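**Q** Just one file: run-v1.tsv, with TSV, C-alpha atoms.
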```tsv
chain	number	residue	atom	x	y	z
A	1	MET	CA	0.00	0.00	0.00
A	2	ASN	CA	1.52	3.37	-0.94
A	3	GLU	CA	1.37	6.49	1.22
A	4	GLU	CA	-1.68	7.88	-0.52
A	5	GLU	CA	-3.59	4.63	-0.04
A	6	LYS	CA	-2.53	4.45	3.61
A	7	LYS	CA	-3.76	8.00	4.16
A	8	LYS	CA	-7.09	7.18	2.53
A	9	GLN	CA	-7.47	4.02	4.62
A	10	LEU	CA	-6.77	6.02	7.77
A	11	GLU	CA	-9.39	8.63	6.89
A	12	THR	CA	-11.96	5.91	6.16
A	13	LEU	CA	-11.15	4.24	9.45
A	14	LYS	CA	-11.59	7.54	11.27
A	15	GLU	CA	-14.98	8.07	9.64
A	16	ILE	CA	-16.09	4.57	10.64
A	17	VAL	CA	-15.01	5.05	14.25
A	18	LEU	CA	-16.61	8.50	14.53
A	19	MET	CA	-19.87	7.22	13.06
A	20	LYS	CA	-19.99	4.23	15.39
A	21	ILE	CA	-19.01	6.20	18.48
A	22	ALA	CA	-21.78	8.72	17.79
A	23	THR	CA	-24.32	5.95	18.50
A	24	MET	CA	-23.10	5.47	22.10
A	25	PRO	CA	-25.30	6.80	24.90
A	26	LYS	CA	-23.72	9.99	26.26
A	27	HIS	CA	-23.43	8.62	29.81
A	28	TYR	CA	-21.35	5.61	28.73
A	29	LYS	CA	-17.56	5.74	28.99
A	30	LEU	CA	-14.88	3.44	27.64
A	31	SER	CA	-11.99	2.50	29.91
A	32	ILE	CA	-8.85	1.77	27.91
A	33	GLY	CA	-6.47	0.87	30.70
A	34	GLY	CA	-3.70	3.35	31.33
A	35	GLU	CA	-4.94	5.66	28.59
A	36	GLY	CA	-7.89	6.58	30.76
A	37	SER	CA	-11.64	6.52	30.33
A	38	PHE	CA	-13.56	8.51	27.74
A	39	ASN	CA	-17.10	9.36	26.73
A	40	LYS	CA	-18.04	9.57	23.08
A	41	VAL	CA	-17.17	13.25	22.78
A	42	GLN	CA	-13.70	12.66	24.23
A	43	ILE	CA	-13.15	9.60	22.02
A	44	ALA	CA	-14.04	11.67	18.95
A	45	GLU	CA	-11.61	14.38	20.07
A	46	HIS	CA	-8.75	11.91	20.41
A	47	VAL	CA	-9.54	10.31	17.06
A	48	ASN	CA	-9.68	13.69	15.33
A	49	LYS	CA	-6.40	14.75	16.95
A	50	MET	CA	-4.77	11.42	16.04
A	51	ASP	CA	-2.84	11.46	19.30
A	52	ASP	CA	-1.62	8.23	20.98
A	53	THR	CA	-5.07	7.45	22.36
A	54	GLY	CA	-6.70	8.21	19.04
A	55	LYS	CA	-4.25	5.95	17.22
A	56	GLN	CA	-4.90	3.15	19.68
A	57	ILE	CA	-8.64	3.46	19.13
A	58	LEU	CA	-8.15	3.30	15.36
A	59	ASP	CA	-5.80	0.34	15.72
A	60	MET	CA	-8.48	-1.56	17.68
A	61	GLU	CA	-11.06	-0.78	15.02
A	62	LEU	CA	-8.74	-2.03	12.27
A	63	ARG	CA	-8.09	-5.26	14.15
A	64	PHE	CA	-11.82	-5.74	14.59
A	65	ILE	CA	-12.62	-5.13	10.93
A	66	GLN	CA	-9.83	-7.48	9.85
A	67	ALA	CA	-11.05	-10.19	12.21
A	68	LEU	CA	-14.61	-9.72	10.95
A	69	SER	CA	-13.57	-10.04	7.31
A	70	ARG	CA	-11.51	-13.16	8.02
A	71	GLY	CA	-14.43	-14.86	9.74
A	72	GLU	CA	-12.59	-14.99	13.07
A	73	ILE	CA	-15.40	-13.37	15.01
A	74	THR	CA	-18.02	-15.79	13.71
A	75	LYS	CA	-15.66	-18.65	14.51
A	76	THR	CA	-15.22	-17.36	18.07
A	77	LEU	CA	-18.94	-16.80	18.63
A	78	THR	CA	-19.81	-20.29	17.49
A	79	SER	CA	-16.97	-22.01	19.35
A	80	VAL	CA	-19.04	-22.50	22.51
B	1	MET	CA	4.50	-21.97	49.15
B	2	SER	CA	1.41	-20.85	51.01
B	3	GLN	CA	-2.11	-21.49	49.73
B	4	ARG	CA	-2.73	-17.79	49.88
B	5	LEU	CA	-4.34	-15.39	47.44
B	6	LEU	CA	-2.70	-12.00	47.03
B	7	VAL	CA	-4.87	-9.26	45.57
B	8	THR	CA	-3.80	-5.75	44.62
B	9	ARG	CA	-6.51	-3.06	44.38
B	10	PRO	CA	-5.22	0.42	43.74
B	11	GLU	CA	-7.96	3.03	43.25
B	12	HIS	CA	-6.79	6.24	41.65
B	13	ASP	CA	-9.01	6.63	38.60
B	14	ASP	CA	-12.28	5.28	37.14
B	15	THR	CA	-10.57	2.18	35.73
B	16	THR	CA	-8.81	1.09	38.90
B	17	THR	CA	-11.89	1.94	40.99
B	18	TYR	CA	-14.03	-0.39	38.91
B	19	LEU	CA	-11.40	-3.16	38.95
B	20	SER	CA	-11.04	-2.74	42.72
B	21	HIS	CA	-14.76	-2.98	43.44
B	22	TYR	CA	-15.13	-6.09	41.30
B	23	ALA	CA	-12.03	-7.68	42.85
B	24	LYS	CA	-13.72	-7.29	46.24
B	25	LEU	CA	-16.30	-9.82	45.06
B	26	VAL	CA	-13.51	-12.33	44.41
B	27	ILE	CA	-12.04	-11.65	47.84
B	28	LYS	CA	-15.44	-12.29	49.44
B	29	TYR	CA	-15.74	-15.56	47.53
B	30	ALA	CA	-12.22	-16.63	48.49
B	31	LYS	CA	-12.85	-15.99	52.19
B	32	GLU	CA	-16.15	-17.87	52.04
B	33	THR	CA	-14.30	-20.90	50.67
B	34	GLY	CA	-11.71	-20.70	53.45
B	35	VAL	CA	-8.82	-19.40	51.38
B	36	SER	CA	-6.34	-17.08	53.08
B	37	VAL	CA	-6.38	-13.71	51.39
B	38	THR	CA	-4.06	-10.75	51.58
B	39	ASP	CA	-5.80	-7.69	50.20
B	40	PHE	CA	-3.56	-4.79	49.23
B	41	LYS	CA	-6.17	-2.04	49.10
B	42	ALA	CA	-5.98	1.49	47.80
B	43	GLY	CA	-2.97	3.30	49.22
B	44	THR	CA	-1.00	0.14	49.99
B	45	VAL	CA	-0.11	-1.15	46.53
B	46	LYS	CA	3.55	-0.13	46.71
B	47	LYS	CA	6.51	-1.98	45.23
B	48	GLU	CA	8.45	-2.35	48.47
B	49	THR	CA	5.43	-3.59	50.44
B	50	ILE	CA	4.28	-6.05	47.80
B	51	ASN	CA	7.77	-7.38	47.05
B	52	LYS	CA	8.61	-7.93	50.73
B	53	PHE	CA	5.31	-9.74	51.28
B	54	MET	CA	5.80	-11.95	48.23
B	55	GLU	CA	9.34	-12.87	49.26
B	56	LYS	CA	8.31	-13.74	52.80
B	57	GLN	CA	4.85	-15.29	52.46
B	58	LYS	CA	5.15	-16.75	48.94
B	59	PRO	CA	1.43	-16.60	48.07
B	60	ARG	CA	0.55	-19.19	45.43
B	61	LEU	CA	-2.14	-17.22	43.58
B	62	LEU	CA	-1.64	-13.60	42.53
B	63	PHE	CA	-4.49	-11.38	41.31
B	64	PHE	CA	-3.16	-8.02	40.15
B	65	ASN	CA	-5.60	-5.25	39.32
B	66	GLY	CA	-4.43	-2.02	37.80
B	67	HIS	CA	-2.52	-0.59	34.90
B	68	GLY	CA	0.44	-2.15	33.23
B	69	GLY	CA	2.75	-2.25	30.27
B	70	GLU	CA	4.33	-4.92	28.14
B	71	ASP	CA	6.99	-5.59	30.76
B	72	CYS	CA	5.44	-4.43	34.00
B	73	ILE	CA	2.54	-4.42	36.40
B	74	GLU	CA	1.64	-1.18	38.16
B	75	GLY	CA	0.33	-0.40	41.59
B	76	GLU	CA	-0.48	2.99	43.08
B	77	LYS	CA	-0.58	5.86	40.59
B	78	GLY	CA	1.82	4.37	38.07
B	79	GLU	CA	4.36	2.91	40.52
B	80	ILE	CA	5.76	-0.26	38.95
B	81	ILE	CA	5.53	-3.20	41.35
B	82	ILE	CA	6.70	-6.06	39.10
B	83	LYS	CA	9.10	-5.47	36.23
B	84	GLU	CA	10.59	-7.91	33.76
B	85	ASN	CA	14.27	-8.63	34.33
B	86	GLU	CA	14.17	-6.72	37.60
B	87	ASN	CA	12.01	-8.67	40.03
B	88	ASP	CA	10.03	-10.97	37.73
B	89	GLU	CA	11.41	-14.02	39.54
B	90	LEU	CA	8.81	-13.21	42.21
B	91	LEU	CA	6.30	-14.74	39.77
B	92	LYS	CA	8.13	-18.08	39.72
B	93	ASP	CA	6.10	-21.00	41.10
B	94	LYS	CA	3.03	-18.77	41.20
B	95	ILE	CA	-0.19	-18.57	39.28
B	96	THR	CA	-0.58	-14.97	38.19
B	97	TYR	CA	-3.66	-13.30	36.76
B	98	ALA	CA	-2.99	-9.71	35.83
B	99	ARG	CA	-6.05	-7.64	34.97
B	100	SER	CA	-3.83	-5.05	33.33
B	101	CYS	CA	-3.05	-3.86	29.83
B	102	PHE	CA	-0.39	-5.41	27.60
B	103	VAL	CA	1.35	-7.38	30.38
B	104	ALA	CA	1.09	-10.68	28.52
B	105	VAL	CA	3.14	-9.31	25.61
B	106	SER	CA	6.49	-9.64	27.37
B	107	LEU	CA	6.33	-10.16	31.15
B	108	GLY	CA	3.69	-12.83	30.75
B	109	LYS	CA	5.68	-14.66	28.09
B	110	LYS	CA	8.77	-14.55	30.32
B	111	CYS	CA	6.88	-16.61	32.91
B	112	SER	CA	6.80	-19.52	30.48
B	113	THR	CA	10.55	-19.89	31.10
B	114	PHE	CA	10.10	-20.41	34.84
B	115	GLY	CA	9.17	-24.08	34.55
B	116	LYS	CA	6.52	-26.31	36.04
B	117	GLY	CA	4.15	-24.71	38.49
B	118	THR	CA	4.40	-21.20	37.05
B	119	CYS	CA	1.56	-19.81	34.99
B	120	PHE	CA	0.68	-16.33	33.81
B	121	ILE	CA	-2.69	-15.20	32.49
B	122	GLY	CA	-3.03	-11.66	31.21
B	123	TYR	CA	-3.76	-9.45	28.23
B	124	GLU	CA	-1.85	-8.57	25.08
B	125	PHE	CA	-4.15	-5.63	24.35
B	126	PRO	CA	-5.55	-3.02	26.72
B	127	PHE	CA	-8.07	-4.62	29.07
B	128	GLN	CA	-11.06	-2.47	28.32
B	129	PHE	CA	-14.66	-2.06	29.38
B	130	TRP	CA	-17.57	0.26	28.85
B	131	PHE	CA	-19.24	1.57	31.96
B	132	ASP	CA	-22.21	3.70	32.89
B	133	GLU	CA	-21.00	7.01	34.27
B	134	THR	CA	-24.13	7.28	36.39
B	135	ARG	CA	-23.07	4.13	38.29
B	136	THR	CA	-19.54	5.05	39.31
B	137	THR	CA	-20.46	5.38	42.99
B	138	ASN	CA	-21.57	1.74	42.95
B	139	PRO	CA	-19.71	-0.10	40.19
B	140	ILE	CA	-21.08	-3.50	41.19
B	141	LYS	CA	-24.54	-2.37	40.11
B	142	ASP	CA	-23.26	-1.29	36.71
B	143	LYS	CA	-24.74	-3.88	34.31
B	144	ILE	CA	-22.72	-2.50	31.41
B	145	ALA	CA	-19.36	-3.00	33.13
B	146	ALA	CA	-20.43	-6.36	34.56
B	147	LEU	CA	-20.39	-7.91	31.07
B	148	TYR	CA	-16.61	-7.39	30.99
B	149	LEU	CA	-15.64	-7.73	34.64
B	150	GLU	CA	-17.72	-10.76	35.68
B	151	PRO	CA	-16.04	-13.22	33.24
B	152	SER	CA	-12.72	-11.84	34.44
B	153	ASN	CA	-13.70	-12.36	38.09
B	154	GLU	CA	-14.89	-15.87	37.35
B	155	LEU	CA	-11.43	-16.76	36.03
B	156	VAL	CA	-9.99	-16.17	39.50
B	157	LYS	CA	-12.88	-18.01	41.17
B	158	TYR	CA	-12.26	-21.07	38.98
B	159	LEU	CA	-8.59	-20.96	40.00
B	160	ILE	CA	-9.59	-20.70	43.66
B	161	LYS	CA	-11.86	-23.74	43.19
B	162	GLY	CA	-8.83	-25.68	42.02
B	163	ASP	CA	-9.34	-25.81	38.28
B	164	PHE	CA	-6.26	-26.24	36.13
B	165	THR	CA	-5.05	-22.91	34.80
B	166	LYS	CA	-6.03	-23.72	31.19
B	167	THR	CA	-9.49	-24.84	32.33
B	168	ALA	CA	-10.06	-21.57	34.21
B	169	PHE	CA	-8.76	-19.63	31.21
B	170	ASP	CA	-11.09	-21.48	28.82
B	171	LYS	CA	-14.14	-21.16	31.08
B	172	SER	CA	-13.58	-17.42	31.46
B	173	ARG	CA	-13.27	-17.11	27.69
B	174	GLU	CA	-16.54	-19.00	27.26
B	175	LEU	CA	-18.27	-16.53	29.57
B	176	MET	CA	-16.95	-13.62	27.50
B	177	ILE	CA	-18.27	-15.28	24.34
B	178	LYS	CA	-21.64	-15.87	26.04
B	179	ASN	CA	-21.77	-12.16	26.93
B	180	MET	CA	-20.79	-11.20	23.38
B	181	ASN	CA	-23.73	-13.22	22.10
B	182	GLU	CA	-26.00	-11.48	24.63
B	183	ILE	CA	-24.86	-8.07	23.44
B	184	LEU	CA	-25.59	-9.06	19.84
B	185	LYS	CA	-29.20	-9.85	20.79
B	186	GLU	CA	-29.68	-6.33	22.11
B	187	ASN	CA	-31.27	-3.70	19.97
B	188	GLU	CA	-29.53	-0.91	21.85
B	189	PRO	CA	-27.53	1.97	20.41
B	190	GLY	CA	-23.81	1.32	20.64
B	191	ALA	CA	-24.15	-2.45	21.12
B	192	LEU	CA	-21.58	-3.12	18.41
B	193	GLU	CA	-19.01	-0.90	20.12
B	194	ARG	CA	-19.60	-2.71	23.41
B	195	PHE	CA	-19.27	-6.02	21.58
B	196	LYS	CA	-15.99	-4.93	20.04
B	197	ALA	CA	-14.44	-4.09	23.43
B	198	LEU	CA	-15.40	-7.48	24.84
B	199	TRP	CA	-14.09	-9.24	21.75
B	200	MET	CA	-10.74	-7.41	22.20
B	201	ASN	CA	-10.52	-8.68	25.79
B	202	CYS	CA	-11.38	-12.20	24.65
B	203	GLU	CA	-8.80	-12.22	21.88
B	204	GLY	CA	-6.23	-10.46	24.01
B	205	GLN	CA	-6.46	-12.85	26.97
B	206	LYS	CA	-3.43	-15.13	26.88
B	207	ILE	CA	-1.98	-17.90	29.01
B	208	TYR	CA	1.73	-18.70	29.35
B	209	GLY	CA	3.61	-21.31	31.30
B	210	ASP	CA	2.18	-24.36	33.03
B	211	LYS	CA	-1.37	-24.87	31.78
B	212	GLU	CA	-1.93	-27.89	34.00
B	213	THR	CA	-1.06	-26.43	37.33
B	214	SER	CA	-3.57	-25.45	39.96
B	215	PHE	CA	-3.91	-23.46	43.18
```
Would you give me this structure, written as structure tokens?

**A**
Amino acid sequence: MNEEEKKKQLETLKEIVLMKIATMPKHYKLSIGGEGSFNKVQIAEHVNKMDDTGKQILDMELRFIQALSRGEITKTLTSV
Amino acid sequence: MSQRLLVTRPEHDDTTTYLSHYAKLVIKYAKETGVSVTDFKAGTVKKETINKFMEKQKPRLLFFNGHGGEDCIEGEKGEIIIKENENDELLKDKITYARSCFVAVSLGKKCSTFGKGTCFIGYEFPFQFWFDETRTTNPIKDKIAALYLEPSNELVKYLIKGDFTKTAFDKSRELMIKNMNEILKENEPGALERFKALWMNCEGQKIYGDKETSF
């Protein structure tokens, strides 16, 4: 993947995360260990800033999407 | 080696407060089953205190709650209490469950070199959970957080009951998968995001060392 494609992938990932996070109830927060805990507004801020927390959130989304497309999640859900 | 459970419960932010409150449930269970428990509560989870205790009393089962890194487990406000290549030999001949981020990546793996009787269960990704901000004064009543923290608590309870480490690991994983399926049945906003966090914990939970040892 060249730099341009990587940039486009990142922007798409950001859009996906921001769209999904917007659906969270406003009184819910996500604890991400030592990074802290964040409501949806704070998560969106970190993702838009692309700071360390924002990058971690995007990394988790990418892992999830990759696992989904490889069928790993279905395999896990049906393993018990 | 003493048949003792050591628990660390720092409380200096939302995350550690939730972990601490849920760990109390495990402590209650342990005491009810007659297991000796040493509870390092908020304010006491310091490197010197913990290390001295571990050297002297040699507790068999360790339940660390708090933050961490790839090569360390933290106590109070970022103080490192166990660090790879510094005092990791304290984990030898112990069963360790670290409810901390990333610890399985390196410190956990190191435990697999300590031979029979040593086992480490922890996470390669951040241990994460959604919680209801309106419930922070009583985390145990938070049904959102419970989906993540109850399977984690049950892992320790299975170990206390005497299950082999791999059995406890697998049963805890099954509970996470059961909760993931429950979340999928919901028609609530944000269910997919809550599912994703639980899936990350499930995938990130790793076991190293002796998988057929027990408490």

**Q** Quick one: of B:Glu48, B:Asp39, B:Asp93, B:Glu32, who's nearest to Lys116 of chain B, counting only C-alpha atoms?

**A**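 Of the candidates, the smallest distance to Lys116 of chain B is held by B:Asp93.
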
**Q** Return the neighbours of chain B among the residues of chain A, cut-off 6 Å, counting all atoms listed in the file, as a PyMOL selection string.

**A** chain A and resi 23-24+27-34+77

**Q** Can you sort out the box for segment 104-108 of chain B, edges along x, y and z, all listed atoms in, 3 Å on every side, with centre and edge lengths in Å to one decimal, as AutoDock Vina command-line options?

**A**
```
--center_x 3.8 --center_y -11.1 --center_z 28.4 --size_x 11.4 --size_y 9.5 --size_z 11.5
```

**Q** Quick one: pull the distance between atom CA of Ser69 of chain A and atom CA of Val47 of chain A, Å, one decimal.

**A**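 About the pair atom CA of Ser69 of chain A and atom CA of Val47 of chain A: they are 22.9 Å apart.
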
**Q** Leu25 of chain B: which residues within 10 Å, counting all atoms listed in the file, same-chain residues fewer than 2 positions away excluded, as a PyMOL selection string?

**A** chain B and resi 20-23+27-30+140+150+153-154+157

**Q** Can you list, as a list in words, every protein, DNA or RNA residue that comes within 9 Å of Ile73 of chain A when you count all atoms listed in the file, leaving out same-chain residues fewer than 5 positions away?

**A**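 These residues fall inside the cut-off: Phe64, Ala67, Leu68 and Thr78 of chain A; Trp199 of chain B.
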
**Q** Between atom CA of Ile95 of chain B and atom CA of Arg60 of chain B, what is the distance in Å, rounded to a tenth?

**A**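 Atom-to-atom, atom CA of Ile95 of chain B and atom CA of Arg60 of chain B are spaced 6.2 Å apart.
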
**Q** What does the distance between atom CA of Val17 of chain A and atom CA of Asn187 of chain B come to in Å, to one decimal place?

**A**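 According to the coordinates, atom CA of Val17 of chain A and atom CA of Asn187 of chain B are separated by 19.3 Å.
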
**Q** Under the rule that only C-alpha atoms are counted, which of B:Thr49, B:Ser152, B:Tyr208, B:Lys24 is the nearest residue to Gly115 of chain B?

**A**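 Ranking B:Thr49, B:Ser152, B:Tyr208, B:Lys24 by distance to Gly115 of chain B, first place goes to B:Tyr208.
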
**Q** Ranking A:Glu15, A:Glu61, A:Glu72, A:Glu35 by minimum distance to Asn48 of chain A and counting all atoms listed in the file, which one comes first?

**A** A:Glu15

**Q** From the set B:Lys41, B:Lys83, B:Lys143, B:Lys94, which residue has the shortest atom-to-atom contact distance to Leu5 of chain B, counting all atoms listed in the file?

**A**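 Smallest separation from Leu5 of chain B among the options: B:Lys94.
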
**Q** Could you name the residues that touch Phe169 of chain B at 10 Å or less, counting only C-alpha atoms, but leaving out those on the same chain fewer than 2 positions away, as a list in words?

**A**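 Everything that qualifies: Tyr97, Ile121, Gly122, Pro151, Ser152, Glu154, Leu155, Val156, Tyr158, Leu159, Asp163, Phe164, Thr165, Lys166, Thr167, Lys171, Ser172, Arg173, Glu174, Gln205, Lys206, Ile207 and Lys211 of chain B.
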
**Q** Rank B:Lys185, B:Lys161, B:Lys47, B:Arg9 by their smallest atom-to-atom distance to Ile81 of chain B, using all atoms listed in the file, and report the top residue only.

**A** B:Lys47
